$ cat structure_9.txt   # compact mmCIF, C-alpha atoms
# COMPACT_ATOMS: atom_id res chain seq x y z
CA MET A 11 -75.52 -4.29 -32.54
CA ALA A 12 -75.74 -8.02 -33.32
CA PRO A 13 -77.36 -10.23 -30.69
CA SER A 14 -76.47 -13.89 -30.36
CA LEU A 15 -78.18 -15.43 -33.39
CA GLU A 16 -77.96 -19.18 -33.69
CA ARG A 17 -79.13 -21.54 -36.37
CA PRO A 18 -80.94 -24.72 -35.38
CA PRO A 19 -78.78 -27.83 -34.80
CA LEU A 20 -77.40 -29.43 -37.96
CA GLN A 21 -78.95 -32.78 -37.06
CA ALA A 22 -82.31 -31.44 -35.84
CA ASP A 23 -85.56 -33.28 -36.39
CA GLU A 24 -88.00 -31.66 -38.80
CA ARG A 25 -90.07 -29.75 -36.22
CA THR A 26 -87.00 -28.43 -34.41
CA ALA A 27 -85.44 -27.33 -37.71
CA LEU A 28 -88.60 -25.58 -38.93
CA ILE A 29 -89.24 -23.72 -35.68
CA GLY A 30 -85.52 -23.02 -35.26
CA TRP A 31 -85.26 -21.35 -38.67
CA LEU A 32 -88.51 -19.44 -38.11
CA ASP A 33 -87.38 -18.24 -34.68
CA LEU A 34 -84.04 -17.14 -36.14
CA GLN A 35 -85.73 -15.04 -38.81
CA ARG A 36 -88.06 -13.56 -36.18
CA GLN A 37 -85.03 -12.63 -34.06
CA ILE A 38 -83.35 -10.96 -37.02
CA LEU A 39 -86.48 -8.94 -37.73
CA ARG A 40 -86.67 -7.77 -34.08
CA TRP A 41 -82.93 -7.06 -34.05
CA LYS A 42 -83.37 -4.60 -36.91
CA CYS A 43 -85.50 -2.52 -34.52
CA ASP A 44 -82.82 -2.18 -31.82
CA GLY A 45 -81.95 1.42 -31.04
CA LEU A 46 -84.37 3.01 -33.51
CA SER A 47 -86.17 6.18 -32.58
CA GLU A 48 -89.95 6.28 -32.98
CA ALA A 49 -89.54 8.71 -35.85
CA ASP A 50 -87.13 6.42 -37.69
CA ALA A 51 -89.24 3.32 -36.99
CA HIS A 52 -92.15 5.00 -38.77
CA ARG A 53 -90.13 6.80 -41.45
CA SER A 54 -90.55 5.70 -45.04
CA VAL A 55 -87.31 5.50 -47.00
CA ILE A 56 -88.59 3.79 -50.15
CA PRO A 57 -90.64 6.30 -52.17
CA THR A 58 -92.52 3.66 -54.14
CA SER A 59 -93.41 1.67 -51.01
CA PRO A 60 -94.40 4.20 -48.33
CA ALA A 61 -95.85 1.55 -45.98
CA MET A 62 -92.53 -0.32 -45.88
CA THR A 63 -91.21 1.08 -42.64
CA ILE A 64 -89.63 -0.88 -39.82
CA ALA A 65 -92.85 -0.41 -37.83
CA GLY A 66 -94.90 -1.47 -40.86
CA LEU A 67 -92.82 -4.62 -41.29
CA ILE A 68 -93.34 -5.61 -37.65
CA SER A 69 -97.08 -4.97 -37.89
CA HIS A 70 -97.36 -6.90 -41.14
CA MET A 71 -95.48 -9.90 -39.77
CA ARG A 72 -97.59 -9.97 -36.61
CA TRP A 73 -100.70 -10.26 -38.78
CA VAL A 74 -99.07 -12.77 -41.15
CA GLU A 75 -98.47 -15.10 -38.19
CA HIS A 76 -102.08 -14.61 -37.07
CA THR A 77 -103.41 -15.21 -40.59
CA TRP A 78 -101.60 -18.49 -41.15
CA LEU A 79 -101.81 -20.12 -37.75
CA GLU A 80 -104.87 -18.72 -36.00
CA VAL A 81 -107.15 -18.11 -38.97
CA LEU A 82 -106.16 -20.55 -41.71
CA PHE A 83 -104.77 -23.39 -39.58
CA LEU A 84 -107.12 -23.24 -36.59
CA GLY A 85 -110.09 -21.88 -38.55
CA GLY A 86 -110.35 -18.84 -36.26
CA ASP A 87 -112.07 -15.51 -36.60
CA LYS A 88 -110.61 -13.25 -39.27
CA THR A 89 -112.56 -10.11 -38.35
CA GLN A 90 -109.88 -8.70 -36.02
CA ASN A 91 -107.13 -9.17 -38.60
CA PRO A 92 -106.59 -6.22 -40.96
CA SER A 93 -105.08 -8.58 -43.56
CA PHE A 94 -108.63 -9.52 -44.47
CA ASP A 95 -109.75 -5.90 -45.03
CA GLU A 96 -110.80 -6.01 -48.67
CA THR A 97 -111.00 -2.19 -48.87
CA ASP A 98 -107.33 -1.56 -47.96
CA GLU A 99 -104.63 -3.93 -49.20
CA ASP A 100 -102.05 -2.32 -46.91
CA ALA A 101 -104.21 -2.32 -43.76
CA ASN A 102 -101.92 -4.71 -41.89
CA TRP A 103 -98.95 -2.41 -42.59
CA ARG A 104 -100.58 0.69 -41.08
CA THR A 105 -99.08 1.82 -37.78
CA ASP A 106 -100.41 5.35 -37.25
CA GLY A 107 -100.32 6.18 -33.55
CA ILE A 108 -98.87 2.80 -32.52
CA SER A 109 -95.44 2.85 -30.91
CA LEU A 110 -92.69 0.51 -32.03
CA LYS A 111 -92.57 -0.82 -28.47
CA GLN A 112 -96.25 -1.80 -28.66
CA LEU A 113 -95.85 -3.31 -32.14
CA LEU A 114 -92.91 -5.40 -30.95
CA ALA A 115 -94.83 -6.57 -27.88
CA GLU A 116 -97.77 -7.60 -30.06
CA TYR A 117 -95.46 -9.37 -32.50
CA GLU A 118 -93.68 -11.17 -29.65
CA ALA A 119 -97.03 -12.29 -28.20
CA GLN A 120 -98.21 -13.49 -31.61
CA CYS A 121 -95.00 -15.46 -32.17
CA ALA A 122 -95.40 -17.10 -28.76
CA ARG A 123 -99.02 -17.96 -29.61
CA SER A 124 -97.90 -19.35 -32.98
CA ASN A 125 -95.32 -21.57 -31.28
CA GLU A 126 -98.02 -22.85 -28.88
CA ILE A 127 -100.25 -23.75 -31.82
CA VAL A 128 -97.41 -25.56 -33.57
CA ALA A 129 -96.41 -27.45 -30.42
CA ALA A 130 -99.95 -28.80 -30.02
CA ALA A 131 -100.32 -30.08 -33.58
CA SER A 132 -98.86 -32.60 -35.99
CA LEU A 133 -96.97 -31.26 -38.99
CA ASP A 134 -99.37 -33.33 -41.09
CA ASP A 135 -102.48 -31.65 -39.64
CA VAL A 136 -104.40 -29.66 -42.24
CA GLY A 137 -105.79 -26.17 -41.81
CA ARG A 138 -109.43 -25.78 -40.88
CA HIS A 139 -110.62 -22.59 -42.55
CA PRO A 140 -113.14 -23.62 -45.21
CA ASP A 141 -113.27 -20.28 -47.03
CA TYR A 142 -109.66 -20.12 -48.24
CA ARG A 143 -107.77 -22.51 -50.48
CA SER A 144 -104.62 -21.96 -48.39
CA GLY A 145 -106.53 -23.27 -45.40
CA ASN A 146 -106.15 -26.72 -46.98
CA ALA A 147 -102.37 -26.71 -46.50
CA ASN A 148 -100.81 -28.85 -43.80
CA LEU A 149 -98.94 -27.29 -40.90
CA ARG A 150 -95.57 -28.25 -42.42
CA TRP A 151 -96.38 -26.25 -45.58
CA MET A 152 -97.56 -23.29 -43.50
CA LEU A 153 -94.38 -23.28 -41.43
CA ILE A 154 -92.18 -23.42 -44.52
CA HIS A 155 -94.15 -20.49 -45.89
CA LEU A 156 -93.69 -18.57 -42.62
CA VAL A 157 -89.93 -19.18 -42.72
CA GLU A 158 -89.88 -17.89 -46.31
CA GLU A 159 -92.00 -14.82 -45.65
CA THR A 160 -90.32 -13.89 -42.38
CA GLY A 161 -86.89 -14.27 -43.99
CA ARG A 162 -87.95 -12.16 -46.96
CA HIS A 163 -89.20 -9.38 -44.72
CA ALA A 164 -86.15 -9.62 -42.45
CA GLY A 165 -84.17 -8.84 -45.61
CA HIS A 166 -86.42 -5.88 -46.31
CA ALA A 167 -85.85 -4.69 -42.72
CA ASP A 168 -82.09 -4.97 -43.27
CA ILE A 169 -82.31 -2.70 -46.30
CA VAL A 170 -84.69 -0.22 -44.62
CA ARG A 171 -82.45 -0.06 -41.55
CA GLU A 172 -79.36 0.56 -43.67
CA LEU A 173 -81.16 3.38 -45.50
CA LEU A 174 -82.27 4.89 -42.17
CA ASP A 175 -78.94 5.03 -40.35
CA GLY A 176 -76.36 2.86 -42.08
CA ALA A 177 -76.69 -0.05 -39.62
CA LYS A 178 -76.32 -3.38 -41.35
CA GLY A 179 -75.35 -6.96 -40.77
CA TYR A 180 -76.73 -10.45 -40.62
CA TYR A 181 -74.49 -12.02 -37.98
$ encode --input "structure_9.txt" --output "structure tokens"
Amino acid sequence: MAPSLERPPLQADERTALIGWLDLQRQILRWKCDGLSEADAHRSVIPTSPAMTIAGLISHMRWVEHTWLEVLFLGGDKTQNPSFDETDEDANWRTDGISLKQLLAEYEAQCARSNEIVAAASLDDVGRHPDYRSGNANLRWMLIHLVEETGRHAGHADIVRELLDGAKGYY
């Protein structure tokens, strides 16, 4: 089940290390989806957190990437991002009627877009969204946060996957 997962080089420059660790965590999150049926991808296994499904995790992380890099860093439009829905705190976790294949494709596209944004900017550049305090963070801070959040949710996906069918593993 494990794909080839590689850490960034031990002597990498800062940008290479940050993107390398982020890409690794993204790969692990996608790996946890391998071989899942649609039913299992959308099945809740944690009674107190019904939105925490594999599909929900992928949806959430797609929107997390969009929030930090397209909205907060670039100052882009937040209206298409369910993370900003003040009436539903779990809106970016909702996957009703959306296949895992589609969610993964959207996540993959968002990660590629995120990497384009990062490649075109300095790590010292500061976010441009005036309405949010977090928009004042520099790109370095945002990338460290994305590594942390993606890693945290990759761990959640590991637990959810093990509860679904017993599959587990990091490497």
$ residues_around --input "structure_9.txt" --residues "Leu110 in chain A" --least-positions-apart "4" --cutoff "9 Å" --atoms "only C-alpha atoms" --output "PyMOL selection string"
chain A and resi 43+46-48+51-52+64-65+68+105+114-115
$ closest_residue --input "structure_9.txt" --among "A:Val157, A:Ala164, A:Met71, A:Val55" --to "Leu28 in chain A" --atoms "only C-alpha atoms"
A:Val157
$ atom_distance --input "structure_9.txt" --atom1 "CA of Leu34 in chain A" --atom2 "CA of Leu173 in chain A"
22.7 Å
$ atom_distance --input "structure_9.txt" --atom1 "CA of His139 in chain A" --atom2 "CA of Leu82 in chain A"
5.0 Å
$ residues_around --input "structure_9.txt" --residues "range 83-90 of chain A" --least-positions-apart "4" --cutoff "9 Å" --atoms "all atoms listed in the file" --output "PyMOL selection string"
chain A and resi 76-79+94-95+127+135-140+144-149+152
$ atom_distance --input "structure_9.txt" --atom1 "CA of Val170 in chain A" --atom2 "CA of Ile108 in chain A"
18.9 Å
$ closest_residue --input "structure_9.txt" --among "A:Glu24, A:Asp100, A:Leu174, A:Arg40" --to "Arg53 in chain A" --atoms "only C-alpha atoms"
A:Leu174
$ residues_around --input "structure_9.txt" --residues "Glu116 in chain A" --least-positions-apart "3" --cutoff "10 Å" --atoms "all atoms listed in the file" --output "list in words"
Ile68, Ser69, Arg72, Trp73, Leu110, Lys111, Gln112, Leu113, Ala119, Gln120, Cys121 and Ala122 of chain A
$ closest_residue --input "structure_9.txt" --among "A:Gln21, A:Thr26, A:Asn125, A:Asn102" --to "Val74 in chain A" --atoms "only C-alpha atoms"
A:Asn102
$ closest_residue --input "structure_9.txt" --among "A:Ala22, A:Leu153, A:Leu15, A:Met62" --to "Arg171 in chain A" --atoms "only C-alpha atoms"
A:Met62
$ residues_around --input "structure_9.txt" --residues "Arg150 in chain A" --least-positions-apart "3" --cutoff "8 Å" --atoms "only C-alpha atoms" --output "PyMOL selection string"
chain A and resi 133-134+153-154
